[in-house]
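What follows is start.pdb (PDB, C-alpha atoms, pLDDT in the B column).
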MODEL        1
ATOM      1  CA  MET R 243       0.000   0.000   0.000  1.00 54.00           C
ATOM      2  CA  LYS R 244       2.883   2.321   0.791  1.00 62.00           C
ATOM      3  CA  LYS R 245       4.394   1.745  -2.644  1.00 63.00           C
ATOM      4  CA  TYR R 246       1.065   2.438  -4.283  1.00 63.00           C
ATOM      5  CA  ASN R 247       0.723   5.799  -2.461  1.00 74.00           C
ATOM      6  CA  LYS R 248       4.256   6.751  -3.473  1.00 75.00           C
ATOM      7  CA  ASN R 249       3.446   5.961  -7.107  1.00 77.00           C
ATOM      8  CA  ILE R 250       0.280   8.076  -6.972  1.00 80.00           C
ATOM      9  CA  ILE R 251       2.172  10.976  -5.456  1.00 82.00           C
ATOM     10  CA  LEU R 252       4.977  10.603  -8.025  1.00 80.00           C
ATOM     11  CA  VAL R 253       2.535  10.379 -10.951  1.00 80.00           C
ATOM     12  CA  SER R 254       0.554  13.420  -9.713  1.00 83.00           C
ATOM     13  CA  PHE R 255       3.820  15.335  -9.248  1.00 84.00           C
ATOM     14  CA  LEU R 256       4.923  14.404 -12.798  1.00 83.00           C
ATOM     15  CA  LEU R 257       1.524  15.434 -14.218  1.00 84.00           C
ATOM     16  CA  ALA R 258       1.710  18.803 -12.434  1.00 87.00           C
ATOM     17  CA  PHE R 259       5.281  19.265 -13.666  1.00 87.00           C
ATOM     18  CA  CYS R 260       4.231  18.411 -17.260  1.00 84.00           C
ATOM     19  CA  PHE R 261       1.336  20.868 -16.993  1.00 86.00           C
ATOM     20  CA  ILE R 262       3.662  23.649 -15.822  1.00 87.00           C
ATOM     21  CA  ILE R 263       6.103  22.903 -18.658  1.00 83.00           C
ATOM     22  CA  ALA R 264       3.296  22.797 -21.227  1.00 82.00           C
ATOM     23  CA  LEU R 265       1.904  26.119 -19.966  1.00 81.00           C
ATOM     24  CA  THR R 266       5.362  27.691 -20.134  1.00 80.00           C
ATOM     25  CA  SER R 267       5.839  26.354 -23.680  1.00 77.00           C
ATOM     26  CA  TYR R 268       2.499  27.818 -24.711  1.00 75.00           C
ATOM     27  CA  LEU R 269       3.348  31.240 -23.315  1.00 74.00           C
ATOM     28  CA  VAL R 270       6.800  31.218 -24.970  1.00 70.00           C
ATOM     29  CA  GLY R 271       5.194  30.235 -28.278  1.00 67.00           C
ATOM     30  CA  LYS R 272       2.702  33.048 -27.909  1.00 63.00           C
ATOM     31  CA  ARG R 273       5.592  35.523 -27.742  1.00 62.00           C
ATOM     32  CA  SER R 274       6.855  34.311 -31.098  1.00 60.00           C
ATOM     33  CA  THR R 275       3.732  35.750 -32.765  1.00 59.00           C
ATOM     34  CA  ASN R 276       5.075  39.183 -31.800  1.00 63.00           C
ATOM     35  CA  ASN R 277       8.137  38.380 -33.950  1.00 67.00           C
ATOM     36  CA  ASN R 278       5.843  37.750 -36.925  1.00 70.00           C
ATOM     37  CA  ASP R 279       4.263  41.162 -36.350  1.00 72.00           C
ATOM     38  CA  LEU R 280       7.752  42.696 -36.310  1.00 73.00           C
ATOM     39  CA  LYS R 281       8.571  40.996 -39.610  1.00 76.00           C
ATOM     40  CA  THR R 282       5.457  42.436 -41.255  1.00 80.00           C
ATOM     41  CA  ASP R 283       6.349  45.865 -39.842  1.00 78.00           C
ATOM     42  CA  ILE R 284       9.821  45.515 -41.361  1.00 78.00           C
ATOM     43  CA  LYS R 285       8.354  44.634 -44.765  1.00 83.00           C
ATOM     44  CA  THR R 286       5.971  47.600 -44.745  1.00 84.00           C
ATOM     45  CA  SER R 287       8.757  49.931 -43.607  1.00 81.00           C
ATOM     46  CA  GLU R 288      10.995  48.688 -46.431  1.00 83.00           C
ATOM     47  CA  LYS R 289       8.188  49.399 -48.921  1.00 85.00           C
ATOM     48  CA  GLN R 290       7.803  52.900 -47.500  1.00 83.00           C
ATOM     49  CA  VAL R 291      11.552  53.482 -47.804  1.00 82.00           C
ATOM     50  CA  LYS R 292      11.390  52.452 -51.480  1.00 85.00           C
ATOM     51  CA  THR R 293       8.592  54.940 -52.130  1.00 85.00           C
ATOM     52  CA  TYR R 294      10.495  57.668 -50.265  1.00 83.00           C
ATOM     53  CA  LYS R 295      13.573  56.926 -52.374  1.00 83.00           C
ATOM     54  CA  LYS R 296      11.484  57.211 -55.555  1.00 86.00           C
ATOM     55  CA  GLU R 297      10.105  60.546 -54.355  1.00 84.00           C
ATOM     56  CA  LEU R 298      13.629  61.701 -53.531  1.00 82.00           C
ATOM     57  CA  ASP R 299      14.816  60.761 -57.014  1.00 84.00           C
ATOM     58  CA  SER R 300      11.948  62.670 -58.621  1.00 84.00           C
ATOM     59  CA  LEU R 301      12.668  65.697 -56.420  1.00 81.00           C
ATOM     60  CA  GLN R 302      16.338  65.572 -57.335  1.00 84.00           C
ATOM     61  CA  THR R 303      15.549  65.445 -61.062  1.00 85.00           C
ATOM     62  CA  GLY R 304      13.175  68.388 -60.615  1.00 82.00           C
ATOM     63  CA  TYR R 305      15.889  70.215 -58.700  1.00 83.00           C
ATOM     64  CA  SER R 306      18.425  69.620 -61.473  1.00 84.00           C
ATOM     65  CA  ARG R 307      15.903  70.897 -64.048  1.00 85.00           C
ATOM     66  CA  LEU R 308      15.329  74.016 -61.962  1.00 82.00           C
ATOM     67  CA  GLU R 309      19.066  74.504 -61.662  1.00 85.00           C
ATOM     68  CA  LYS R 310      19.418  74.329 -65.459  1.00 86.00           C
ATOM     69  CA  LYS R 311      16.590  76.832 -65.901  1.00 84.00           C
ATOM     70  CA  LYS R 312      18.226  79.108 -63.373  1.00 82.00           C
ATOM     71  CA  GLN R 313      21.470  79.023 -65.368  1.00 85.00           C
ATOM     72  CA  GLU R 314      19.565  79.768 -68.574  1.00 84.00           C
ATOM     73  CA  VAL R 315      17.806  82.730 -66.975  1.00 82.00           C
ATOM     74  CA  LYS R 316      21.104  84.020 -65.626  1.00 82.00           C
ATOM     75  CA  THR R 317      22.701  83.877 -69.074  1.00 84.00           C
ATOM     76  CA  VAL R 318      19.693  85.668 -70.581  1.00 81.00           C
ATOM     77  CA  TYR R 319      19.879  88.179 -67.742  1.00 81.00           C
ATOM     78  CA  ILE R 320      23.595  88.828 -68.333  1.00 81.00           C
ATOM     79  CA  GLN R 321      23.062  89.100 -72.074  1.00 81.00           C
ATOM     80  CA  GLY R 322      20.145  91.488 -71.474  1.00 78.00           C
ATOM     81  CA  LYS R 323      22.294  93.676 -69.247  1.00 77.00           C
ATOM     82  CA  GLU R 324      24.985  93.837 -71.918  1.00 81.00           C
ATOM     83  CA  LYS R 325      22.410  94.705 -74.562  1.00 79.00           C
ATOM     84  CA  ILE R 326      20.952  97.387 -72.317  1.00 76.00           C
ATOM     85  CA  ARG R 327      24.367  98.940 -71.863  1.00 77.00           C
ATOM     86  CA  TYR R 328      25.157  98.764 -75.541  1.00 78.00           C
ATOM     87  CA  ILE R 329      21.763 100.062 -76.700  1.00 73.00           C
ATOM     88  CA  THR R 330      21.715 102.779 -74.063  1.00 69.00           C
ATOM     89  CA  GLN R 331      25.153 103.959 -75.056  1.00 71.00           C
ATOM     90  CA  GLU R 332      24.231 103.829 -78.757  1.00 69.00           C
ATOM     91  CA  ARG R 333      20.962 105.688 -78.282  1.00 65.00           C
ATOM     92  CA  ILE R 334      22.560 108.325 -76.144  1.00 62.00           C
ATOM     93  CA  GLU R 335      25.061 109.019 -78.860  1.00 64.00           C
ATOM     94  CA  LYS R 336      22.661 108.867 -81.839  1.00 64.00           C
ATOM     95  CA  TYR R 337      19.180 109.883 -80.765  1.00 59.00           C
ATOM     96  CA  GLN R 338      17.406 112.696 -79.127  1.00 58.00           C
ATOM     97  CA  ASP R 339      16.924 112.973 -75.410  1.00 60.00           C
ATOM     98  CA  SER R 340      13.225 112.035 -75.421  1.00 62.00           C
ATOM     99  CA  LEU R 341      13.754 108.779 -77.376  1.00 60.00           C
ATOM    100  CA  CYS R 342      16.715 107.888 -75.240  1.00 67.00           C
ATOM    101  CA  LYS R 343      14.755 108.392 -72.018  1.00 73.00           C
ATOM    102  CA  GLU R 344      11.934 106.119 -73.242  1.00 75.00           C
ATOM    103  CA  ASP R 345      14.397 103.394 -74.222  1.00 74.00           C
ATOM    104  CA  VAL R 346      16.214 103.656 -70.922  1.00 77.00           C
ATOM    105  CA  LEU R 347      12.952 103.384 -68.991  1.00 80.00           C
ATOM    106  CA  THR R 348      11.889 100.360 -71.047  1.00 81.00           C
ATOM    107  CA  LEU R 349      15.240  98.666 -70.511  1.00 81.00           C
ATOM    108  CA  LYS R 350      15.189  99.400 -66.784  1.00 82.00           C
ATOM    109  CA  ASP R 351      11.716  97.873 -66.591  1.00 81.00           C
ATOM    110  CA  GLN R 352      12.963  94.759 -68.395  1.00 81.00           C
ATOM    111  CA  LEU R 353      15.902  94.606 -66.000  1.00 80.00           C
ATOM    112  CA  THR R 354      13.630  94.626 -62.931  1.00 81.00           C
ATOM    113  CA  GLN R 355      11.472  91.899 -64.490  1.00 81.00           C
ATOM    114  CA  ALA R 356      14.558  89.739 -65.073  1.00 80.00           C
ATOM    115  CA  ASP R 357      15.607  90.296 -61.451  1.00 81.00           C
ATOM    116  CA  SER R 358      12.175  89.237 -60.199  1.00 81.00           C
ATOM    117  CA  LEU R 359      12.357  86.070 -62.337  1.00 82.00           C
ATOM    118  CA  ILE R 360      15.688  85.161 -60.792  1.00 84.00           C
ATOM    119  CA  LEU R 361      14.325  85.767 -57.268  1.00 85.00           C
ATOM    120  CA  PHE R 362      11.313  83.555 -58.033  1.00 86.00           C
ATOM    121  CA  GLN R 363      13.541  80.736 -59.276  1.00 85.00           C
ATOM    122  CA  ASP R 364      15.781  81.065 -56.232  1.00 86.00           C
ATOM    123  CA  LYS R 365      12.692  80.639 -54.010  1.00 88.00           C
ATOM    124  CA  GLN R 366      11.707  77.514 -55.962  1.00 88.00           C
ATOM    125  CA  LEU R 367      15.211  76.086 -55.547  1.00 87.00           C
ATOM    126  CA  ILE R 368      15.128  76.755 -51.820  1.00 89.00           C
ATOM    127  CA  SER R 369      11.773  74.961 -51.441  1.00 87.00           C
ATOM    128  CA  ALA R 370      13.050  72.022 -53.545  1.00 86.00           C
ATOM    129  CA  ASN R 371      16.137  71.804 -51.304  1.00 87.00           C
ATOM    130  CA  GLU R 372      13.928  71.766 -48.213  1.00 90.00           C
ATOM    131  CA  GLN R 373      11.797  68.967 -49.676  1.00 89.00           C
ATOM    132  CA  ILE R 374      14.944  66.968 -50.466  1.00 87.00           C
ATOM    133  CA  LYS R 375      16.198  67.452 -46.887  1.00 89.00           C
ATOM    134  CA  ILE R 376      12.846  66.284 -45.493  1.00 88.00           C
ATOM    135  CA  SER R 377      12.878  63.221 -47.768  1.00 86.00           C
ATOM    136  CA  ASN R 378      16.456  62.402 -46.720  1.00 88.00           C
ATOM    137  CA  ASN R 379      15.474  62.701 -43.054  1.00 89.00           C
ATOM    138  CA  LEU R 380      12.486  60.389 -43.594  1.00 87.00           C
ATOM    139  CA  ILE R 381      14.666  57.840 -45.388  1.00 88.00           C
ATOM    140  CA  THR R 382      17.312  57.834 -42.643  1.00 89.00           C
ATOM    141  CA  GLU R 383      14.608  57.527 -39.977  1.00 89.00           C
ATOM    142  CA  LYS R 384      12.976  54.566 -41.761  1.00 87.00           C
ATOM    143  CA  ASP R 385      16.401  52.941 -42.307  1.00 87.00           C
ATOM    144  CA  TYR R 386      17.063  53.277 -38.577  1.00 88.00           C
ATOM    145  CA  GLN R 387      13.667  51.757 -37.756  1.00 85.00           C
ATOM    146  CA  ILE R 388      14.293  48.867 -40.151  1.00 83.00           C
ATOM    147  CA  ASN R 389      17.734  48.207 -38.673  1.00 84.00           C
ATOM    148  CA  THR R 390      16.384  48.230 -35.118  1.00 83.00           C
ATOM    149  CA  LEU R 391      13.529  45.897 -36.091  1.00 79.00           C
ATOM    150  CA  LYS R 392      15.959  43.564 -37.866  1.00 79.00           C
ATOM    151  CA  SER R 393      18.252  43.490 -34.842  1.00 78.00           C
ATOM    152  CA  VAL R 394      15.441  42.035 -32.675  1.00 72.00           C
ATOM    153  CA  LYS R 395      15.994  38.280 -32.878  1.00 69.00           C
ATOM    154  CA  PRO R 396      13.394  35.764 -31.792  1.00 66.00           C
ATOM    155  CA  LYS R 397      14.257  33.923 -28.596  1.00 70.00           C
ATOM    156  CA  THR R 398      15.098  30.267 -28.942  1.00 71.00           C
ATOM    157  CA  LYS R 399      12.718  27.953 -27.174  1.00 74.00           C
ATOM    158  CA  PRO R 400      14.424  25.709 -24.635  1.00 76.00           C
ATOM    159  CA  LEU R 401      11.279  23.636 -24.137  1.00 81.00           C
ATOM    160  CA  GLY R 402      10.137  21.039 -26.614  1.00 80.00           C
ATOM    161  CA  ILE R 403       8.242  17.848 -27.250  1.00 82.00           C
ATOM    162  CA  GLY R 404      10.084  14.947 -28.860  1.00 81.00           C
ATOM    163  CA  ILE R 405      11.138  11.331 -28.878  1.00 81.00           C
ATOM    164  CA  ILE R 406      12.986  10.282 -25.738  1.00 82.00           C
ATOM    165  CA  GLY R 407      15.084   7.183 -25.203  1.00 82.00           C
ATOM    166  CA  GLY R 408      17.217   6.062 -22.302  1.00 84.00           C
ATOM    167  CA  TYR R 409      17.144   4.208 -19.047  1.00 78.00           C
ATOM    168  CA  GLY R 410      14.550   4.706 -16.355  1.00 80.00           C
ATOM    169  CA  THR R 411      12.833   2.980 -13.476  1.00 78.00           C
ATOM    170  CA  ASP R 412       9.256   2.043 -12.835  1.00 75.00           C
ATOM    171  CA  PHE R 413       9.970   1.430  -9.103  1.00 76.00           C
ATOM    172  CA  GLN R 414       9.191  -2.296  -9.472  1.00 79.00           C
ATOM    173  CA  ASN R 415      11.673  -3.746 -11.972  1.00 78.00           C
ATOM    174  CA  GLY R 416      14.612  -1.370 -11.380  1.00 78.00           C
ATOM    175  CA  LEU R 417      16.464   0.276 -14.294  1.00 79.00           C
ATOM    176  CA  THR R 418      15.116  -0.704 -17.697  1.00 81.00           C
ATOM    177  CA  PRO R 419      15.600   0.811 -21.191  1.00 82.00           C
ATOM    178  CA  PHE R 420      12.689   2.782 -22.615  1.00 77.00           C
ATOM    179  CA  ILE R 421      11.595   4.727 -25.718  1.00 82.00           C
ATOM    180  CA  GLY R 422       8.763   7.209 -25.704  1.00 84.00           C
ATOM    181  CA  ILE R 423       7.432  10.667 -26.376  1.00 85.00           C
ATOM    182  CA  GLY R 424       8.024  13.307 -23.765  1.00 84.00           C
ATOM    183  CA  ILE R 425       8.644  16.920 -22.865  1.00 82.00           C
ATOM    184  CA  ASN R 426      12.288  18.006 -22.682  1.00 80.00           C
ATOM    185  CA  TYR R 427      14.225  21.104 -21.611  1.00 79.00           C
ATOM    186  CA  ASN R 428      17.398  21.915 -23.552  1.00 77.00           C
ATOM    187  CA  LEU R 429      20.255  22.959 -21.318  1.00 75.00           C
ATOM    188  CA  ILE R 430      22.814  23.180 -24.135  1.00 73.00           C
ATOM    189  CA  ARG R 431      21.891  24.198 -27.672  1.00 65.00           C
ATOM    190  CA  LEU R 432      23.991  22.640 -30.452  1.00 61.00           C
TER     191      LEU R 432
ENDMDL
END
Show me this structure written as structure tokens.
Amino acid sequence: MKKYNKNIILVSFLLAFCFIIALTSYLVGKRSTNNNDLKTDIKTSEKQVKTYKKELDSLQTGYSRLEKKKQEVKTVYIQGKEKIRYITQERIEKYQDSLCKEDVLTLKDQLTQADSLILFQDKQLISANEQIKISNNLITEKDYQINTLKSVKPKTKPLGIGIIGGYGTDFQNGLTPFIGIGINYNLIRL
């Protein structure tokens, strides 16, 4: 009777131990679903970075086009100034005062319009530069987020269910070999 009570106590202890191990395994497995969420977040962040890079490329091409236009306007502006000087000098020498004054006023008006065009293009270049800076900041921020999400590694599970073989006792026959299915805890990971 004493042996029977010991076996009942041992079996109930083993069942409680198996239940605790199974519950722990379940909770550890539940944490791994968070890793799947992180992987989907990484994929969406990588897609966003690709779209930001495309936007950056389009902004940079627009910026280069604006820069070319700015150079063209500057050359026209410089050529216009030279023409104004030449025409003004020529008209002063050849024409009457009234015609010369009209031409000078017209040329001065054209000069102020050219200056306002250059100021407008400078403002556009400044806004394009600001947009490029914002896009670069967004890209670096998303790259940082992706790198931090990639650095989070899922924890290895030390608990498992598998085939077990070895020697054991059943408290009646002594040590005997056995094969079975059981719950194990890995102390050393190979």
Using all atoms listed in the file: which of R:Ile430, R:Lys399, R:Val318, R:Glu383 has the shortest distance to Val270 of chain R |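 Among the listed residues, the smallest separation from Val270 of chain R belongs to R:Lys399.
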Apply the PyMOL selection byres ((chain R and resi 312) around 12) to the displayed file and report the matching residues as a PyMOL selection string.
-> chain R and resi 305-311+313-319+356-357+359-367
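Among R:Ile368, R:Lys295, R:Gln387, R:Phe413, the residue with the shortest atom-to-atom distance to Val253 of chain R, counting all atoms listed in the file, is R:Phe413.
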Could you name the residues that touch Leu349 of chain R at 12 Å or less, counting all atoms listed in the file, but leaving out those on the same chain fewer than 4 positions away, as a PDB file with C-alpha atoms, in the frame of the given file?
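This went into part-v5.pdb:
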ATOM      1  CA  TYR R 319      19.879  88.179 -67.742  1.00 81.00           C
ATOM      2  CA  GLY R 322      20.145  91.488 -71.474  1.00 78.00           C
ATOM      3  CA  LYS R 323      22.294  93.676 -69.247  1.00 77.00           C
ATOM      4  CA  GLU R 324      24.985  93.837 -71.918  1.00 81.00           C
ATOM      5  CA  LYS R 325      22.410  94.705 -74.562  1.00 79.00           C
ATOM      6  CA  ILE R 326      20.952  97.387 -72.317  1.00 76.00           C
ATOM      7  CA  ARG R 327      24.367  98.940 -71.863  1.00 77.00           C
ATOM      8  CA  TYR R 328      25.157  98.764 -75.541  1.00 78.00           C
ATOM      9  CA  ILE R 329      21.763 100.062 -76.700  1.00 73.00           C
ATOM     10  CA  THR R 330      21.715 102.779 -74.063  1.00 69.00           C
ATOM     11  CA  ARG R 333      20.962 105.688 -78.282  1.00 65.00           C
ATOM     12  CA  CYS R 342      16.715 107.888 -75.240  1.00 67.00           C
ATOM     13  CA  LYS R 343      14.755 108.392 -72.018  1.00 73.00           C
ATOM     14  CA  GLU R 344      11.934 106.119 -73.242  1.00 75.00           C
ATOM     15  CA  ASP R 345      14.397 103.394 -74.222  1.00 74.00           C
ATOM     16  CA  LEU R 353      15.902  94.606 -66.000  1.00 80.00           C
ATOM     17  CA  THR R 354      13.630  94.626 -62.931  1.00 81.00           C
ATOM     18  CA  GLN R 355      11.472  91.899 -64.490  1.00 81.00           C
ATOM     19  CA  ALA R 356      14.558  89.739 -65.073  1.00 80.00           C
TER      20      ALA R 356
END
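Across the model, the gap from atom CA of Thr282 of chain R to atom CA of Lys375 of chain R is 27.8 Å.
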Quick one, how far is atom CA of Ile262 of chain R from atom CA of Asn428 of chain R?
->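 Straight-line distance from atom CA of Ile262 of chain R to atom CA of Asn428 of chain R works out to 15.9 Å.
We find atom CA of Asp279 of chain R and atom CA of Ile403 of chain R to be spaced 25.3 Å apart.
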For the structure provided, state which residues fall under the PyMOL selection byres ((chain R and resi 288) around 12), and present them as a ChimeraX atom specification.
-> /R:281-287,289-295,381-389,391-392
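For the structure shown here, the set of residues caught by the PyMOL selection byres ((chain R and resi 420) around 9) is Ile406, Gly407, Gly408, Tyr409, Gly410, Thr418, Pro419, Ile421 and Gly422 of chain R.
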Shell around Gln302 of chain R at 10 Å using all atoms listed in the file, local window under 5 positions removed, as a ChimeraX atom specification | /R:296-297,307-308,370-371,373-374
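Between Thr411 of chain R and the residues R:Leu301, R:Asn249, R:Asn278, R:Thr390, the shortest atom-to-atom distance, using all atoms listed in the file, involves R:Asn249.
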With distances taken over all atoms listed in the file, which of R:Leu252, R:Gln352, R:Tyr427, R:Leu401 is nearest to Leu269 of chain R?
->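 Once distances to Leu269 of chain R are computed over all atoms listed in the file, the minimum belongs to R:Leu401.
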Would you compute an axis-aligned box for segment 244-261 of chain R, covering every atom listed for it in the file with 8 Å of margin on each side, and report centre and edge lengths in Å to one decimal as lines of an AutoDock Vina configuration file?
center_x = 2.8
center_y = 11.3
center_z = -8.2
size_x = 21.0
size_y = 35.1
size_z = 34.1
